[in-house]
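Structure below is entry.cif: mmCIF, C-alpha atoms.
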data_protein
loop_
_atom_site.label_atom_id
_atom_site.label_comp_id
_atom_site.auth_asym_id
_atom_site.auth_seq_id
_atom_site.Cartn_x
_atom_site.Cartn_y
_atom_site.Cartn_z
CA MET N 1 27.57 -22.48 -18.09
CA ARG N 2 24.36 -23.36 -16.24
CA LYS N 3 25.92 -22.50 -12.87
CA ARG N 4 26.89 -19.06 -14.19
CA MET N 5 23.35 -18.42 -15.40
CA ILE N 6 21.85 -19.44 -12.05
CA PHE N 7 24.40 -17.24 -10.25
CA ALA N 8 23.56 -14.27 -12.52
CA ILE N 9 19.83 -14.70 -11.86
CA PHE N 10 20.51 -14.90 -8.13
CA ILE N 11 22.55 -11.68 -8.19
CA LEU N 12 19.81 -9.93 -10.17
CA LEU N 13 17.15 -11.00 -7.63
CA VAL N 14 19.30 -9.80 -4.73
CA GLU N 15 19.79 -6.41 -6.41
CA VAL N 16 16.02 -6.03 -6.93
CA ALA N 17 15.34 -6.94 -3.30
CA VAL N 18 17.93 -4.44 -2.06
CA ALA N 19 16.52 -1.69 -4.29
CA ASN N 20 13.00 -2.28 -2.94
CA ALA N 21 14.17 -2.50 0.69
CA ASP N 22 14.46 1.29 0.93
CA VAL N 23 10.78 1.82 0.10
CA VAL N 24 8.94 2.34 3.37
CA VAL N 25 6.16 4.69 2.27
CA LYS N 26 4.53 4.87 -1.16
CA LYS N 27 2.71 7.99 -2.38
CA SER N 28 0.11 7.09 -4.97
CA THR N 29 -0.78 9.20 -7.99
CA SER N 30 -3.79 10.42 -5.97
CA GLU N 31 -1.36 11.91 -3.40
CA ILE N 32 -2.14 9.36 -0.66
CA CYS N 33 0.74 8.13 1.52
CA HIS N 34 0.59 4.37 2.12
CA THR N 35 2.61 2.50 4.73
CA GLU N 36 2.86 -1.29 4.75
CA SER N 37 -0.19 -1.39 7.02
CA SER N 38 -2.34 0.09 4.23
CA PRO N 39 -4.56 -2.45 2.50
CA TYR N 40 -3.43 -0.96 -0.84
CA TYR N 41 0.34 -0.86 -0.20
CA PHE N 42 1.27 -4.01 -2.08
CA ARG N 43 -1.18 -3.33 -4.94
CA LEU N 44 0.29 0.06 -5.86
CA ARG N 45 2.13 0.06 -9.18
CA ASN N 46 2.52 3.80 -9.88
CA TYR N 47 3.99 5.53 -6.85
CA THR N 48 6.78 7.70 -5.50
CA SER N 49 8.73 6.13 -2.66
CA TYR N 50 9.77 7.90 0.54
CA PRO N 51 11.89 6.69 3.46
CA SER N 52 9.37 7.94 6.04
CA LEU N 53 5.74 8.92 6.43
CA GLU N 54 6.80 12.40 7.51
CA GLU N 55 8.70 13.00 4.26
CA CYS N 56 5.74 11.75 2.23
CA MET N 57 3.39 14.11 4.07
CA ASP N 58 5.84 17.02 3.68
CA SER N 59 5.82 16.44 -0.08
CA GLY N 60 2.09 17.15 -0.22
CA GLY N 61 0.79 13.66 0.48
CA ARG N 62 -2.10 12.86 2.79
CA LEU N 63 -3.20 9.87 4.83
CA LEU N 64 -5.78 7.39 3.62
CA ASN N 65 -9.27 8.42 4.75
CA ALA N 66 -9.98 6.28 7.82
CA ALA N 67 -13.72 6.25 7.02
CA LYS N 68 -12.98 4.13 3.96
CA LEU N 69 -11.51 1.46 6.21
CA GLU N 70 -14.45 1.33 8.62
CA PRO N 71 -15.67 -2.27 9.01
CA VAL N 72 -19.13 -3.24 7.86
CA THR N 73 -21.49 -3.75 10.81
CA GLU N 74 -24.56 -5.95 10.53
CA HIS N 75 -27.43 -4.79 12.73
CA PRO N 76 -30.09 -7.03 14.34
CA ASP N 77 -32.70 -5.87 11.80
CA GLY N 78 -30.54 -7.20 8.94
CA THR N 79 -29.27 -3.83 7.69
CA LYS N 80 -25.56 -3.12 7.28
CA SER N 81 -23.65 0.08 7.82
CA GLY N 82 -20.06 1.22 7.52
CA GLY N 83 -17.65 -0.01 4.93
CA ARG N 84 -16.27 1.86 1.98
CA ARG N 85 -19.56 3.20 0.65
CA GLY N 86 -21.18 3.98 4.00
CA PHE N 87 -24.72 2.65 4.35
CA LEU N 88 -25.07 -0.54 2.34
CA GLY N 89 -28.70 -1.38 3.04
CA LYS N 90 -30.02 -4.93 3.19
#
Render the structure in this file as C-alpha coordinates.
Amino acid sequence: MRKRMIFAIFILLVEVAVANADVVVKKSTSEICHTESSPYYFRLRNYTSYPSLEECMDSGGRLLNAAKLEPVTEHPDGTKSGGRRGFLGK
(Lines of atoms letter the chains of each structure in order from A and count residues from 1; the text may use other names and numbers.)
(Lines give C-alpha, C1' and ligand atoms only; values in the text may rest on other atoms or scores of the structure.)
Protein backbone atom coordinates (compact mmCIF):
# COMPACT_ATOMS: atom_id res chain seq x y z
CA MET A 1 0.00 0.00 0.00
CA ARG A 2 2.77 2.45 0.91
CA LYS A 3 4.65 1.73 -2.32
CA ARG A 4 1.51 2.52 -4.33
CA MET A 5 1.07 5.83 -2.53
CA ILE A 6 4.69 6.82 -3.14
CA PHE A 7 4.35 5.81 -6.80
CA ALA A 8 1.14 7.87 -7.16
CA ILE A 9 2.83 10.93 -5.63
CA PHE A 10 5.79 10.47 -7.97
CA ILE A 11 3.52 10.29 -11.02
CA LEU A 12 1.67 13.41 -9.89
CA LEU A 13 4.95 15.33 -9.48
CA VAL A 14 6.13 14.24 -12.93
CA GLU A 15 2.85 15.40 -14.49
CA VAL A 16 3.15 18.81 -12.81
CA ALA A 17 6.75 19.17 -14.02
CA VAL A 18 5.78 18.25 -17.58
CA ALA A 19 2.86 20.69 -17.55
CA ASN A 20 5.14 23.53 -16.42
CA ALA A 21 7.91 22.63 -18.89
CA ASP A 22 6.01 24.27 -21.76
CA VAL A 23 5.97 27.67 -20.04
CA VAL A 24 8.80 29.72 -21.52
CA VAL A 25 7.35 33.23 -21.29
CA LYS A 26 4.88 34.52 -18.71
CA LYS A 27 2.69 37.57 -19.34
CA SER A 28 1.70 39.23 -16.09
CA THR A 29 -1.64 40.86 -15.39
CA SER A 30 0.09 44.19 -16.10
CA GLU A 31 0.78 42.98 -19.68
CA ILE A 32 4.55 42.56 -19.19
CA CYS A 33 6.26 39.59 -20.87
CA HIS A 34 8.77 37.89 -18.57
CA THR A 35 11.38 35.36 -19.68
CA GLU A 36 13.36 33.27 -17.20
CA SER A 37 16.00 36.01 -17.12
CA SER A 38 13.49 38.44 -15.59
CA PRO A 39 13.99 39.00 -11.87
CA TYR A 40 10.21 38.55 -11.44
CA TYR A 41 9.74 35.37 -13.51
CA PHE A 42 9.66 32.89 -10.65
CA ARG A 43 7.59 35.19 -8.39
CA LEU A 44 4.68 35.53 -10.82
CA ARG A 45 1.53 33.74 -9.68
CA ASN A 46 -1.12 35.21 -12.00
CA TYR A 47 0.05 34.97 -15.60
CA THR A 48 -0.70 33.71 -19.08
CA SER A 49 1.95 31.42 -20.51
CA TYR A 50 3.35 31.59 -24.04
CA PRO A 51 5.83 29.33 -25.84
CA SER A 52 7.88 32.28 -27.11
CA LEU A 53 8.57 35.94 -26.44
CA GLU A 54 7.33 36.80 -29.92
CA GLU A 55 3.91 35.26 -29.25
CA CYS A 56 3.67 37.08 -25.93
CA MET A 57 4.48 40.40 -27.60
CA ASP A 58 2.01 39.69 -30.44
CA SER A 59 -0.72 39.20 -27.84
CA GLY A 60 -0.29 42.77 -26.63
CA GLY A 61 2.46 42.21 -24.08
CA ARG A 62 5.47 44.46 -23.63
CA LEU A 63 8.98 44.06 -22.28
CA LEU A 64 9.97 44.99 -18.76
CA ASN A 65 11.19 48.60 -18.62
CA ALA A 66 14.99 48.34 -18.63
CA ALA A 67 15.29 51.52 -16.53
CA LYS A 68 13.75 49.64 -13.60
CA LEU A 69 16.64 47.18 -13.72
CA GLU A 70 19.39 49.81 -13.76
CA PRO A 71 21.91 49.11 -10.99
CA VAL A 72 22.35 51.55 -8.15
CA THR A 73 25.60 53.53 -8.50
CA GLU A 74 27.30 55.08 -5.50
CA HIS A 75 29.18 58.27 -6.33
CA PRO A 76 32.34 59.57 -4.59
CA ASP A 77 30.31 62.25 -2.77
CA GLY A 78 28.16 59.55 -1.12
CA THR A 79 25.05 60.04 -3.27
CA LYS A 80 23.42 57.15 -5.11
CA SER A 81 21.68 57.11 -8.46
CA GLY A 82 19.94 54.55 -10.61
CA GLY A 83 17.90 51.70 -9.30
CA ARG A 84 14.17 51.25 -9.46
CA ARG A 85 13.20 54.68 -8.19
CA GLY A 86 15.90 56.68 -9.97
CA PHE A 87 17.77 59.10 -7.73
CA LEU A 88 17.92 57.71 -4.22
CA GLY A 89 19.83 60.48 -2.47
CA LYS A 90 22.17 59.88 0.44
Local residues around (4.8, 6.2, -4.5), at most 9 Å away, using all atoms listed in the file, as a list in words: Val23, Val25, Lys26, Lys27, Ser28, Thr29, Glu31, Ile32, Cys33, His34, Leu44, Arg45, Asn46, Tyr47, Thr48, Ser49, Tyr50 and Cys56 of chain N
CA of Thr79 in chain N to CA of Pro39 in chain N, distance in Å rounded to a single decimal: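 About the pair CA of Thr79 in chain N and CA of Pro39 in chain N: they are 25.3 Å apart.
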Length of the CA of Leu64 in chain N to CA of Pro51 in chain N vector [Å]: 17.7 Å
Å distance separating CA of Ser37 in chain N from CA of Glu74 in chain N, one decimal place: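 Straight-line distance from CA of Ser37 in chain N to CA of Glu74 in chain N works out to 25.0 Å.
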Pick from N:Val24, N:Met5, N:Gly78, N:Asn65, whichever lies nearest to Leu53 in chain N using all atoms listed in the file: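 Using all atoms listed in the file, the shortest distance to Leu53 in chain N belongs to N:Val24.
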